[in-house]
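Notes to accompany the following structure.
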Number of protein chains: 4
Amino acid sequence: MSSHAILLLSCPDQPGIVAQVSNFIHRNRGNIVDLDEHVDKAENVFFMRLEWELNGFLIPREALDAAVNDLARPYSPLQCALHFTDIRPRAAIFVSRDSHCLYDLLARHEGGELEMEIPLIVSNHEDLRRVADRFEIPYHVFAVNGRDKAQQEAAELRLLRQHRVDTVILARYMQILSSQFVEEMPNQVINIHHSFLPAFVGARPYHQAYDRGVKIVGATSHYVTADLDEGPIIAQDVMAVTHQDTVADLVRKGKDLEKVVLARAVWAHVRRRVLTYRNKTVVFQ
Amino acid sequence: MSSHAILLLSCPDQPGIVAQVSNFIHRNRGNIVDLDEHVDKAENVFFMRLEWELNGFLIPREALDAAVNDLARPYSPLQCALHFTDIRPRAAIFVSRDSHCLYDLLARHEGGELEMEIPLIVSNHEDLRRVADRFEIPYHVFAVNGRDKAQQEAAELRLLRQHRVDTVILARYMQILSSQFVEEMPNQVINIHHSFLPAFVGARPYHQAYDRGVKIVGATSHYVTADLDEGPIIAQDVMAVTHQDTVADLVRKGKDLEKVVLARAVWAHVRRRVLTYRNKTVVFQ
Amino acid sequence: MSSHAILLLSCPDQPGIVAQVSNFIHRNRGNIVDLDEHVDKAENVFFMRLEWELNGFLIPREALDAAVNDLARPYSPLQCALHFTDIRPRAAIFVSRDSHCLYDLLARHEGGELEMEIPLIVSNHEDLRRVADRFEIPYHVFAVNGRDKAQQEAAELRLLRQHRVDTVILARYMQILSSQFVEEMPNQVINIHHSFLPAFVGARPYHQAYDRGVKIVGATSHYVTADLDEGPIIAQDVMAVTHQDTVADLVRKGKDLEKVVLARAVWAHVRRRVLTYRNKTVVFQ
Amino acid sequence: MSSHAILLLSCPDQPGIVAQVSNFIHRNRGNIVDLDEHVDKAENVFFMRLEWELNGFLIPREALDAAVNDLARPYSPLQCALHFTDIRPRAAIFVSRDSHCLYDLLARHEGGELEMEIPLIVSNHEDLRRVADRFEIPYHVFAVNGRDKAQQEAAELRLLRQHRVDTVILARYMQILSSQFVEEMPNQVINIHHSFLPAFVGARPYHQAYDRGVKIVGATSHYVTADLDEGPIIAQDVMAVTHQDTVADLVRKGKDLEKVVLARAVWAHVRRRVLTYRNKTVVFQ
């Protein structure tokens, strides 16, 4: 399969953007394989994702960034990102003690569903080293405690940079990242929260759900921001529960939500299908 | 169809309750048509719903309450309620301007799905009088404003008493009932809130959901308590939404959730399938 | 609100269609309010729905059809339809004895959700005349039996033509339309089948579902073709059931699916959001 | 945790069964931890699952089978099975080339969710040996082709007997078992079929679903009988799809359904929560 270019673009809405951008691709003999767009009429913002084949495209890859910037300049203020499908995201998976999301991601990765590299796994516990070993992925433990959290995070960030990591997946990582850490990686840190946000933020959401007596529980995957559990939501799903379900049942059943919802969010992120604005996401299917 | 008796019972869990109660029915030649039970092991509370045919039952209806109390006394402290299927609940429907829940309830009622009487409809607006007229149900308007709310509620309660109303259905009634009103009718006032509680309590939940960028919206039916949107949840349901959905789309799609969820809660209430404890419900299917 | 034009178009996929069509609108000072497109890559078919404001548009309405045909001719073989939002669909609702779908459609219509006219209701039974009367819509009974079915359908079609009906909604109409009837109204007759098609075609699908012991039941809304229950599917939904559900429970719970799924399909049809091809639909949200 | 006994019982419904059975447990100082019952009124069949603590129970384990048979005899014809939670099911997992269900089961097993032994994995291909190796479970390949299928199945059955396997999990095993094989293990072979049965039986259900243009796809886990895809359904789930989903999308998204639905069925089976009758199941939650 030939490489594709993917352009993500958002700007104030105005007539003719789609026509102009798709004309640009056609003029340069690009074959568009996917074009998604969305207009938020309340905010007057235009969003676009364009994927085209690089094979036969007249503009060489190294000149493409400049060409795209020229093209998009009139639409300013805009956000614009250019990706190539043969340059795969490099993701670090952060875990604590629960293995279900980690196994799920690794199995999907091995099965070819998630087109990314996983150069390393980071944890605050030794527990899941055996899982990492089975898949032959380096496993780094940073036992975080109050005293040296800043230091540990600095070491983690050094390690991520060293491995050119551009995506962090918090796969039930039960440690709050500092805002310094998060701000180093805007819209690059994906978390799974085990509730239907904004219900039950914070600790022990299944206990909270049980105490409230809800008839449905959920899971939410979102980009991490400095505000805990408040970042842009990428994916959510829910399941029905009844008075018969104990907290242990919620925890058990909820794991299926967590791993599937996290994987959907990671898939969309890796496929460059997510744009963010105003603490929300546009997720092109 | 012969009449049935329905016994709802909750008490501290202990061995032998089911055996003793069902023996009592059999001994008196009752034919059990439904027996549901639940034990909350965390709280050590036992719940039971027992429905049996009165036809051929040895204990006459007028003596049954005393007999049941004798039977249940050893399990004290207990909550116990006895109902007969030929004594139907009498429900007042409270509405404001939106007609979808009202039409839905009236159509179900006419179709025989909801076995209750609807002696009257109450509103704070004239708008839906035409709907009431179509179904030939008296329509009473109490235009509430700050000054005379206490007076108006007192008048409403008098009217409810006069019609022997035992169930109030808030079918998108956009007026907060005072705690005095609510306390007159414990576990008898059923509301539909247009969000997946406890997310988005209070006003304009679809706007809140839109602003938060959730990927799923919901509706919640619950008994009303003095704490707004905090009462025991009877039924909930949700639907997926995307970045393409405007607030108007959420409002439109959400109506289907609201009417269906409210109707499910009313159905369970009317069938005497709901028990409450600790701000939660047991809903036997 | 000014009137809008809606263009539905499908043709073999080729580069530049979106650009050319949207250029055409902009050149003529049309403000695009919605543009949806889809490419079926397996079949190489392109689909588009374009909605724009007529206010200020340079081409007068009476010349638009010709202009659009000129524009679209190079993409032949194509299907192309032009609609105006101020010319509302005219729908006849066909019913038998169950009222839930009928009430639901009429309540939505009155609430402004379904932008169409309902000049008449047709039935093979007298039962639901009272519903029609309540909403003051003419109710026509054609008691169909084997002998005179052809005659009755001919009379029905005459009536539909007389009322300029362009959409027939089978709202639990329990009578099979002949292929002659159906072929008179291609992609204009919308049915609700009370199963998750293609499971349980034909009669008594809830009984079939019960006998098979499924854990989920569904409803399907589709365009009617000469092959019973085989037409293009517009909308489907499902709900979980258990071994506790009797056939009567399935029937009762299923009604909520039926009415909501049918209404979703009608909404999409009325909003000109449905295109068909190869016995399938494209439904733009 | 002390061991529990689990009694599964079904028989013609008659008054007093619950009372008599629960009296029997109490009389012998058993502490009931779970009692579920169901009556199929259409068929007049009673179903019961009773779980109680063996600690302190007066009847010794080796005499329990006889005591239960004495107790149940009057309810004949009955089906009755006695299990002990410290005697765990022994499951063989059968796979072909797709790894998602296998990984999912092994990860759940390691996490303690599935209380069973997995003495071996069987396949008709070498592909997934690496997965088995990672979890250190013996992997046996029986390359089946037309000529020697009977021989191969005989060898498989010998191997299963040798390992005292009582449960076979077909985790996307793409080979049809002969009726001889299946009849050796009634209600012991659990399959996952990648459609919402009874829709799309047989081969390539996602292709069938795509061609039919359904708006929802599903997965079904069922006990295997001699009739392909016709056995008693244990669990089902579905997800929405749109015209945008290609066959490849259905395959990818469907994997999440398949693994979760299969795991739910296996969980219920292993917890002895499934009873079968008339090609249907009762699944106690």
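Every chain in the structure tokens has a letter given in the order shown (A, B, ...), and although residue numbers restart at 1 in each chain, ligands are simply numbered from 1 in the order shown.
Distance criterion 8 Å to chain A, applied with only C-alpha atoms, yields His38, Asp40, Leu197, Pro198, Ala199, Phe200, Asp211, Arg212, Gly213, Val214, Lys215, Ile216, Pro232, Ile233, Ile234, Ala235, Gln236, Asp237, Thr242, His243, Gln244, Asn279, Lys280, Thr281, Val282 and Val283 of chain B on chain B.
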Take the residues that were just selected and, keeping C-alpha atoms, output them as a PDB file, in the first residue's frame.
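Below is the file part_13.pdb, written as the result:
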```pdb
ATOM      1  CA  HIS B  38     -33.219  -9.690  46.298  1.00  0.00           C
ATOM      2  CA  ASP B  40     -28.345  -6.539  49.362  1.00  0.00           C
ATOM      3  CA  LEU B 197     -28.008  11.631  36.325  1.00  0.00           C
ATOM      4  CA  PRO B 198     -25.932  12.462  38.288  1.00  0.00           C
ATOM      5  CA  ALA B 199     -24.419  14.193  35.261  1.00  0.00           C
ATOM      6  CA  PHE B 200     -25.960  17.562  34.414  1.00  0.00           C
ATOM      7  CA  ASP B 211     -20.857  22.242  26.157  1.00  0.00           C
ATOM      8  CA  ARG B 212     -19.078  19.344  27.823  1.00  0.00           C
ATOM      9  CA  GLY B 213     -18.824  17.515  24.505  1.00  0.00           C
ATOM     10  CA  VAL B 214     -20.145  14.156  25.712  1.00  0.00           C
ATOM     11  CA  LYS B 215     -20.581  11.358  23.188  1.00  0.00           C
ATOM     12  CA  ILE B 216     -23.688   9.926  24.868  1.00  0.00           C
ATOM     13  CA  PRO B 232     -33.923   7.274  43.984  1.00  0.00           C
ATOM     14  CA  ILE B 233     -33.403   6.384  40.312  1.00  0.00           C
ATOM     15  CA  ILE B 234     -36.007   4.051  38.801  1.00  0.00           C
ATOM     16  CA  ALA B 235     -34.928   3.917  35.153  1.00  0.00           C
ATOM     17  CA  GLN B 236     -32.282   5.368  32.854  1.00  0.00           C
ATOM     18  CA  ASP B 237     -31.409   5.093  29.226  1.00  0.00           C
ATOM     19  CA  THR B 242     -21.551  12.923  17.908  1.00  0.00           C
ATOM     20  CA  HIS B 243     -19.903  16.244  17.254  1.00  0.00           C
ATOM     21  CA  GLN B 244     -22.473  16.673  14.478  1.00  0.00           C
ATOM     22  CA  ASN B 279     -31.992   6.595  48.142  1.00  0.00           C
ATOM     23  CA  LYS B 280     -31.860   3.644  45.774  1.00  0.00           C
ATOM     24  CA  THR B 281     -34.434   1.402  44.195  1.00  0.00           C
ATOM     25  CA  VAL B 282     -34.958  -2.286  43.711  1.00  0.00           C
ATOM     26  CA  VAL B 283     -36.908  -2.698  40.471  1.00  0.00           C
TER      27      VAL B 283
END
```
From a DSSP pass on the backbone, collect the residues of stretch 76-146 of chain B flagged as helix (DSSP H, G or I) and hand them back as a ChimeraX atom specification. /B:100-110,129-134,146
Which of stretch 3-237 of chain C DSSP labels strand (DSSP E), written as a ChimeraX atom specification: /C:4-12,31-40,45-53,79-84,90-95,117-123,139-141,167-170,189-193,216-223,233-237
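What separates atom CA of B:Arg161 from atom CA of B:Val266 is a distance of 20.0 Å.
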Would you pick out the contacts of D:Gln14 at 12 Å or less, using only C-alpha atoms, so that residues sharing its chain but fewer than 2 positions from it are not included, and give the list as a PyMOL selection string? (chain B and resi 26+31-33) or (chain D and resi 10-12+16-20+39-41+44-47+74-76)
Output C-alpha atoms for every residue in that selection, as a short mmCIF file (atom, residue, chain, number, x, y, z; two decimals), in the first residue's frame.
```
data_model
loop_
_atom_site.label_atom_id
_atom_site.label_comp_id
_atom_site.auth_asym_id
_atom_site.auth_seq_id
_atom_site.Cartn_x
_atom_site.Cartn_y
_atom_site.Cartn_z
CA HIS B 26 -49.64 -22.07 50.09
CA ASN B 31 -51.51 -19.59 43.93
CA ILE B 32 -48.26 -17.61 43.63
CA VAL B 33 -47.95 -16.12 40.17
CA SER D 10 -35.61 -27.74 36.49
CA CYS D 11 -38.90 -29.60 36.62
CA PRO D 12 -42.62 -29.14 36.00
CA GLY D 16 -44.02 -25.27 47.20
CA ILE D 17 -40.79 -26.22 45.48
CA VAL D 18 -38.86 -23.17 46.62
CA ALA D 19 -40.12 -23.56 50.16
CA GLN D 20 -39.24 -27.23 50.32
CA VAL D 39 -41.01 -20.10 35.97
CA ASP D 40 -41.78 -20.45 32.28
CA LYS D 41 -45.52 -20.16 32.56
CA ASN D 44 -45.09 -24.70 33.04
CA VAL D 45 -41.43 -25.34 33.81
CA PHE D 46 -39.70 -24.32 37.02
CA PHE D 47 -35.99 -23.43 37.14
CA PRO D 74 -41.20 -35.95 43.78
CA TYR D 75 -40.76 -33.25 41.16
CA SER D 76 -39.97 -35.68 38.37
#
```
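Note that the spacing between atom CA of A:Thr167 and atom CA of A:Ile190 amounts to 7.7 Å.
Atom CA of C:His163 is found 11.2 Å from atom CA of C:Ile121.
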I'd like the contact shell of B:Leu159 - 10 Å cut-off, only C-alpha atoms, skipping same-chain residues fewer than 6 positions apart - returned as a PyMOL selection string. chain B and resi 92+120+122+140+153+165
For C:Glu53, work out the shell of residues within 7 Å, counting only C-alpha atoms and skipping chain neighbours fewer than 2 positions away, then give it as a tab-separated table (two decimals) with N, CA and C atoms, in the first residue's frame.
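The resulting around.tsv:
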```tsv
chain	number	residue	atom	x	y	z
C	2	SER	N	-35.67	31.28	5.67
C	2	SER	CA	-35.77	31.24	4.20
C	2	SER	C	-35.84	29.79	3.74
C	3	SER	N	-36.34	29.60	2.53
C	3	SER	CA	-36.39	28.27	1.96
C	3	SER	C	-34.99	27.78	1.59
C	4	HIS	N	-34.85	26.50	1.62
C	4	HIS	CA	-33.59	25.88	1.20
C	4	HIS	C	-33.87	24.98	0.01
C	5	ALA	N	-32.85	24.79	-0.80
C	5	ALA	CA	-32.88	23.74	-1.81
C	5	ALA	C	-32.04	22.57	-1.30
C	30	GLY	N	-25.02	31.02	-3.53
C	30	GLY	CA	-25.79	30.21	-2.59
C	30	GLY	C	-24.97	29.97	-1.33
C	31	ASN	N	-25.61	30.00	-0.20
C	31	ASN	CA	-24.93	29.73	1.06
C	31	ASN	C	-25.22	28.28	1.46
C	32	ILE	N	-24.17	27.44	1.38
C	32	ILE	CA	-24.34	26.02	1.72
C	32	ILE	C	-24.52	25.88	3.22
C	55	ASN	N	-32.44	32.08	-0.63
C	55	ASN	CA	-32.44	33.53	-0.49
C	55	ASN	C	-31.14	34.11	-1.07
```
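Minimum atom-to-atom distance to B:Val68, evaluated using only C-alpha atoms, belongs to B:Leu8 out of B:Leu102, B:Leu275, B:Leu8, B:Ala91.
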Near-stretch 173-176 of chain A list (7 Å; only C-alpha atoms; drop same-chain fewer than 5 positions) as a PyMOL selection string: chain A and resi 94-96
Show me, as a VMD selection string, the residues that have an atom within 12 Å of stretch 84-88 of chain B when counting only C-alpha atoms, minus same-chain residues fewer than 5 positions from it. chain B and resid 1 to 8 50 to 54 61 to 62 64 to 65 114 to 119 164 to 167 269 to 272
